[in-house]
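Engineer: This is upload01.cif (mmCIF, C-alpha atoms).
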data_my_file
#
loop_
_atom_site.group_PDB
_atom_site.id
_atom_site.type_symbol
_atom_site.label_atom_id
_atom_site.label_comp_id
_atom_site.auth_asym_id
_atom_site.auth_seq_id
_atom_site.Cartn_x
_atom_site.Cartn_y
_atom_site.Cartn_z
ATOM 1 C CA MET P 1 -3.045 -10.882 11.624
ATOM 2 C CA TYR P 2 -1.118 -7.840 12.795
ATOM 3 C CA PHE P 3 -0.885 -6.201 16.180
ATOM 4 C CA ALA P 4 0.654 -2.776 16.601
ATOM 5 C CA ALA P 5 0.973 -0.467 19.570
ATOM 6 C CA LEU P 6 2.771 2.713 20.474
ATOM 7 C CA LEU P 7 4.456 3.025 23.868
ATOM 8 C CA ALA P 8 5.157 6.636 24.797
ATOM 9 C CA ARG P 9 7.485 7.277 27.738
ATOM 10 C CA THR P 10 6.256 9.817 30.260
ATOM 11 C CA GLU P 11 7.426 11.045 33.664
ATOM 12 C CA ASP P 12 5.098 8.481 35.249
ATOM 13 C CA GLY P 13 6.096 5.493 33.105
ATOM 14 C CA TRP P 14 4.706 4.351 29.783
ATOM 15 C CA GLU P 15 1.423 5.127 28.046
ATOM 16 C CA ALA P 16 0.180 2.737 25.377
ATOM 17 C CA SER P 17 -2.112 3.270 22.457
ATOM 18 C CA ASP P 18 -3.438 0.726 20.015
ATOM 19 C CA THR P 19 -2.245 1.601 16.548
ATOM 20 C CA ASP P 20 -4.611 1.204 13.617
ATOM 21 C CA LEU P 21 -2.331 0.348 10.708
ATOM 22 C CA ASP P 22 -5.106 0.936 8.143
ATOM 23 C CA ASN P 23 -4.053 4.581 7.821
ATOM 24 C CA VAL P 24 -0.318 3.815 7.807
ATOM 25 C CA GLU P 25 0.804 3.540 4.198
ATOM 26 C CA SER P 26 4.505 4.260 4.646
ATOM 27 C CA LEU P 27 7.256 4.332 7.217
ATOM 28 C CA THR P 28 6.934 8.115 7.253
ATOM 29 C CA ASP P 29 3.280 7.744 8.315
ATOM 30 C CA LEU P 30 4.274 5.423 11.160
ATOM 31 C CA ILE P 31 7.020 7.781 12.345
ATOM 32 C CA ASP P 32 4.675 10.783 12.178
ATOM 33 C CA LEU P 33 2.088 8.849 14.178
ATOM 34 C CA ALA P 34 4.718 7.941 16.787
ATOM 35 C CA ARG P 35 5.898 11.542 17.067
ATOM 36 C CA SER P 36 2.306 12.735 17.496
ATOM 37 C CA THR P 37 1.912 10.517 20.587
ATOM 38 C CA ALA P 38 5.175 11.621 22.215
ATOM 39 C CA VAL P 39 5.007 13.436 25.519
ATOM 40 C CA ASP P 40 7.448 16.381 25.560
ATOM 41 C CA ASP P 41 9.439 14.869 22.648
ATOM 42 C CA ASP P 42 10.332 11.876 24.822
ATOM 43 C CA THR P 43 10.857 8.346 23.509
ATOM 44 C CA VAL P 44 8.124 6.501 21.636
ATOM 45 C CA VAL P 45 8.482 2.833 20.768
ATOM 46 C CA ALA P 46 6.304 1.459 17.985
ATOM 47 C CA LEU P 47 5.813 -2.301 18.227
ATOM 48 C CA ILE P 48 4.468 -4.346 15.316
ATOM 49 C CA GLU P 49 4.047 -8.099 15.073
ATOM 50 C CA GLN P 50 2.515 -10.517 12.656
ATOM 51 C CA GLU P 51 1.421 -13.469 14.752
ATOM 52 C CA ASP P 52 4.621 -15.340 15.636
ATOM 53 C CA ALA P 53 6.267 -14.879 12.215
ATOM 54 C CA TRP P 54 8.138 -11.641 12.956
ATOM 55 C CA PHE P 55 8.138 -8.512 15.072
ATOM 56 C CA GLY P 56 9.463 -5.040 14.479
ATOM 57 C CA VAL P 57 10.468 -2.189 16.764
ATOM 58 C CA VAL P 58 10.741 1.440 15.676
ATOM 59 C CA ARG P 59 12.181 3.846 18.230
ATOM 60 C CA VAL P 60 11.556 7.560 17.851
ATOM 61 C CA ASP P 61 13.313 10.064 20.139
ATOM 62 C CA GLY P 62 12.029 13.564 19.404
ATOM 63 C CA GLU P 63 13.350 14.791 16.074
ATOM 64 C CA GLU P 64 16.316 12.387 16.026
ATOM 65 C CA ASP P 65 16.521 9.802 13.266
ATOM 66 C CA PRO P 66 14.304 6.804 14.073
ATOM 67 C CA ARG P 67 15.941 3.449 14.736
ATOM 68 C CA ILE P 68 14.521 0.154 13.490
ATOM 69 C CA PHE P 69 14.866 -3.523 14.335
ATOM 70 C CA VAL P 70 13.112 -6.450 12.622
ATOM 71 C CA SER P 71 13.321 -9.961 14.087
ATOM 72 C CA ASN P 72 13.064 -11.851 10.792
ATOM 73 C CA ALA P 73 13.586 -9.695 7.733
ATOM 74 C CA ALA P 74 12.706 -12.397 5.196
ATOM 75 C CA ALA P 75 9.327 -13.069 6.819
ATOM 76 C CA ALA P 76 8.662 -9.354 7.348
ATOM 77 C CA SER P 77 9.523 -8.485 3.752
ATOM 78 C CA ARG P 78 6.645 -10.695 2.590
ATOM 79 C CA SER P 79 4.081 -8.591 4.468
ATOM 80 C CA SER P 80 2.927 -5.086 3.672
ATOM 81 C CA TYR P 81 3.824 -3.531 7.024
ATOM 82 C CA GLY P 82 7.021 -5.491 7.460
ATOM 83 C CA SER P 83 8.235 -4.609 3.990
ATOM 84 C CA MET P 84 8.110 -0.894 4.781
ATOM 85 C CA LEU P 85 10.619 -1.587 7.570
ATOM 86 C CA THR P 86 12.884 -3.952 5.635
ATOM 87 C CA ASP P 87 12.813 -1.793 2.496
ATOM 88 C CA GLU P 88 14.109 1.160 4.493
ATOM 89 C CA LEU P 89 16.796 -0.901 6.245
ATOM 90 C CA LEU P 90 17.989 -2.396 2.968
ATOM 91 C CA GLY P 91 17.820 0.909 1.108
ATOM 92 C CA SER P 92 15.131 -0.158 -1.331
ATOM 93 C CA ASP P 93 14.141 2.521 -3.842
ATOM 94 C CA GLU P 94 10.683 1.025 -4.379
ATOM 95 C CA GLU P 95 8.878 3.192 -1.867
ATOM 96 C CA GLU P 96 7.745 6.516 -3.335
ATOM 97 C CA ASP P 97 7.620 8.193 0.046
ATOM 98 C CA GLU P 98 11.232 7.355 0.850
ATOM 99 C CA LEU P 99 12.817 9.173 3.778
ATOM 100 C CA ASP P 100 15.664 11.184 2.320
ATOM 101 C CA GLU P 101 18.992 10.892 4.083
ATOM 102 C CA LEU P 102 17.587 9.348 7.270
ATOM 103 C CA ASN P 103 19.680 6.608 8.754
ATOM 104 C CA LEU P 104 16.941 4.511 10.337
ATOM 105 C CA ASP P 105 19.113 1.643 11.471
ATOM 106 C CA GLY P 106 20.934 3.635 14.139
ATOM 107 C CA THR P 107 24.372 3.294 12.566
ATOM 108 C CA GLU P 108 26.715 6.013 11.434
ATOM 109 C CA ASP P 109 27.038 6.633 7.710
ATOM 110 C CA GLY P 110 29.243 4.004 6.152
ATOM 111 C CA GLU P 111 28.665 1.373 8.868
ATOM 112 C CA ASP P 112 26.999 -1.885 7.990
ATOM 113 C CA VAL P 113 23.483 -2.710 9.106
ATOM 114 C CA VAL P 114 23.367 -5.698 11.442
ATOM 115 C CA ALA P 115 22.095 -8.663 9.499
ATOM 116 C CA VAL P 116 22.284 -12.139 10.928
ATOM 117 C CA PHE P 117 21.793 -14.885 8.346
ATOM 118 C CA GLU P 118 20.546 -18.314 9.309
ATOM 119 C CA GLN P 119 22.987 -21.104 8.655
ATOM 120 C CA GLY P 120 22.653 -22.294 5.091
ATOM 121 C CA THR P 121 21.355 -19.001 3.706
ATOM 122 C CA SER P 122 23.120 -18.148 0.497
ATOM 123 C CA THR P 123 22.987 -15.574 -2.244
ATOM 124 C CA GLU P 124 24.279 -18.075 -4.782
ATOM 125 C CA ASP P 125 22.107 -19.601 -7.470
ATOM 126 C CA LEU P 126 22.024 -23.321 -8.258
ATOM 127 C CA ASP P 127 25.080 -23.055 -10.556
ATOM 128 C CA GLY P 128 27.163 -21.727 -7.661
ATOM 129 C CA GLU P 129 27.434 -18.250 -9.149
ATOM 130 C CA GLU P 130 26.643 -15.138 -7.160
ATOM 131 C CA GLU P 131 23.257 -13.707 -8.071
ATOM 132 C CA GLU P 132 23.370 -10.289 -9.645
ATOM 133 C CA THR P 133 19.955 -8.906 -8.900
ATOM 134 C CA GLY P 134 21.087 -5.401 -8.094
ATOM 135 C CA ALA P 135 19.209 -5.624 -4.807
ATOM 136 C CA GLU P 136 20.618 -6.662 -1.471
ATOM 137 C CA PRO P 137 19.236 -10.060 -0.383
ATOM 138 C CA VAL P 138 16.783 -10.043 2.497
ATOM 139 C CA PRO P 139 18.305 -11.953 5.422
ATOM 140 C CA ALA P 140 16.339 -14.793 6.998
ATOM 141 C CA GLY P 141 16.986 -13.385 10.435
ATOM 142 C CA PRO P 142 17.350 -10.139 12.360
ATOM 143 C CA LEU P 143 17.953 -6.850 10.577
ATOM 144 C CA GLY P 144 18.518 -3.339 11.870
ATOM 145 C CA ASP P 145 19.751 -1.996 15.186
ATOM 146 C CA PRO P 146 19.491 -4.601 17.960
ATOM 147 C CA ARG P 147 20.813 -2.042 20.483
ATOM 148 C CA LEU P 148 17.888 0.373 20.058
ATOM 149 C CA LEU P 149 16.394 -0.596 23.431
ATOM 150 C CA ASP P 150 19.618 -1.218 25.405
ATOM 151 C CA ASP P 151 19.211 1.928 27.522
ATOM 152 C CA LEU P 152 15.549 1.086 28.228
ATOM 153 C CA GLY P 153 16.233 -2.329 29.776
ATOM 154 C CA VAL P 154 16.053 -4.624 26.747
ATOM 155 C CA GLY P 155 19.605 -5.663 25.924
ATOM 156 C CA HIS P 156 20.582 -6.469 22.361
ATOM 157 C CA LYS P 157 21.272 -10.125 23.170
ATOM 158 C CA GLU P 158 17.847 -10.432 24.765
ATOM 159 C CA LEU P 159 16.206 -8.752 21.756
ATOM 160 C CA LEU P 160 17.969 -11.094 19.329
ATOM 161 C CA ASP P 161 16.839 -14.151 21.350
ATOM 162 C CA LEU P 162 13.145 -13.225 21.579
ATOM 163 C CA ASP P 163 10.551 -15.468 20.007
ATOM 164 C CA GLY P 164 6.923 -16.324 20.583
ATOM 165 C CA ASP P 165 5.149 -13.437 22.254
ATOM 166 C CA ALA P 166 8.090 -11.055 21.869
ATOM 167 C CA LEU P 167 6.089 -7.861 22.337
ATOM 168 C CA SER P 168 4.928 -8.966 25.783
ATOM 169 C CA GLN P 169 8.503 -9.816 26.725
ATOM 170 C CA ILE P 170 9.688 -6.392 25.525
ATOM 171 C CA ALA P 171 6.885 -4.677 27.436
ATOM 172 C CA GLU P 172 7.791 -6.610 30.575
ATOM 173 C CA SER P 173 11.422 -5.490 30.332
ATOM 174 C CA LEU P 174 10.296 -1.896 29.796
ATOM 175 C CA GLY P 175 7.909 -2.082 32.748
ATOM 176 C CA ALA P 176 4.950 -1.543 30.435
ATOM 177 C CA THR P 177 3.167 -4.910 30.580
ATOM 178 C CA GLU P 178 -0.072 -3.586 32.050
ATOM 179 C CA VAL P 179 -0.404 -0.701 29.588
ATOM 180 C CA LEU P 180 0.380 -2.918 26.590
ATOM 181 C CA GLU P 181 -2.100 -5.591 27.676
ATOM 182 C CA ALA P 182 -4.760 -2.888 28.128
ATOM 183 C CA VAL P 183 -4.622 -2.107 24.391
ATOM 184 C CA ARG P 184 -4.347 -5.717 23.190
#
What is this file in structure tokens?
Structural biologist:
Amino acid sequence: MYFAALLARTEDGWEASDTDLDNVESLTDLIDLARSTAVDDDTVVALIEQEDAWFGVVRVDGEEDPRIFVSNAAAASRSSYGSMLTDELLGSDEEEDELDELNLDGTEDGEDVVAVFEQGTSTEDLDGEEEETGAEPVPAGPLGDPRLLDDLGVGHKELLDLDGDALSQIAESLGATEVLEAVR
């Protein structure tokens, strides 16, 4: 089961809205939805979680390139909504509605995306040879920009350490617990 919410920053704090993912078919749809809830082109944070398997954060600041973080890319890539985040971060060409030339991970062109692999994760097959699938392997851990909420009170180390009810912990750090719980 999924839960998704949009937190829009305003002069008076945060406003939350429950996000119906039924009409979100692509990352572009999610970003457009986030931008439509923005107050004066201020920050909007889209939060998505699938039970305790993974969570994702998409930060949209006006017309700037969105920034994305996924807590467990391997788990997220196996779900429809999570795969739209991981596909974009890994540069997958599978999505028809691909965002041209957007750098959604918050890095400069040419920089690597942060990907933390769990110990024992390998891209080698059983014969010890490197797999040549043509696609980048999906890490069994965090993927994207862990610093996307640093300036909002959620440090990258804290974001990387979150588990369980991560969205509530993020909302608490943002000072948005009450508004998030109102839409849960």
Engineer: From the set P:Thr28, P:Gln50, P:Ser77, P:Thr37, which residue has the shortest atom-to-atom contact distance to Gly62 (chain P), counting all atoms listed in the file?
Structural biologist: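 Checking each candidate against Gly62 (chain P), we get P:Thr37 as the closest.
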Engineer: May I have the residues within 10 Å of Glu51 (chain P) as JSON, numbers by chain, using only C-alpha atoms and disregarding those fewer than 4 positions away in the same chain?
Structural biologist: {"P": [1, 2, 3, 55, 164, 165]}
Engineer: Enter the distance from CA of Val138 (chain P) to CA of Val44 (chain P), in Å, rounded to one decimal.
Structural biologist: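 CA of Val138 (chain P) sits 26.7 Å away from CA of Val44 (chain P).
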Engineer: Could you name the residues that touch Ala75 (chain P) at 12 Å or less, counting all atoms listed in the file, but leaving out those on the same chain fewer than 5 positions away, as a ChimeraX atom specification?
Structural biologist: /P:49-56,70,80-83,85-86,138-143
Engineer: Take CA of Trp14 (chain P) and CA of Leu174 (chain P) and report the distance between them in Å, one decimal.
Structural biologist: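 Separation of CA of Trp14 (chain P) and CA of Leu174 (chain P): 8.4 Å.
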Engineer: In Å, with one decimal, what is the gap from CA of Asp61 (chain P) to CA of Ser36 (chain P)?
Structural biologist: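 Computing it gives 11.6 Å between the two atoms.
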Engineer: Need the shell around region 146-157 of chain P: protein/DNA/RNA residues with any atom at most 7 Å away, counting all atoms listed in the file. Skip same-chain ones fewer than 4 positions apart. Format as a list in words?
Structural biologist: Arg59, Arg67, Phe69, Asp161, Ile170, Ser173 and Leu174 of chain P
Engineer: Given all atoms listed in the file as the basis, pick out the residue of P:Leu159, P:Ala171, P:Ala34, P:Val24 nearest to Ser71 (chain P).
Structural biologist: P:Leu159
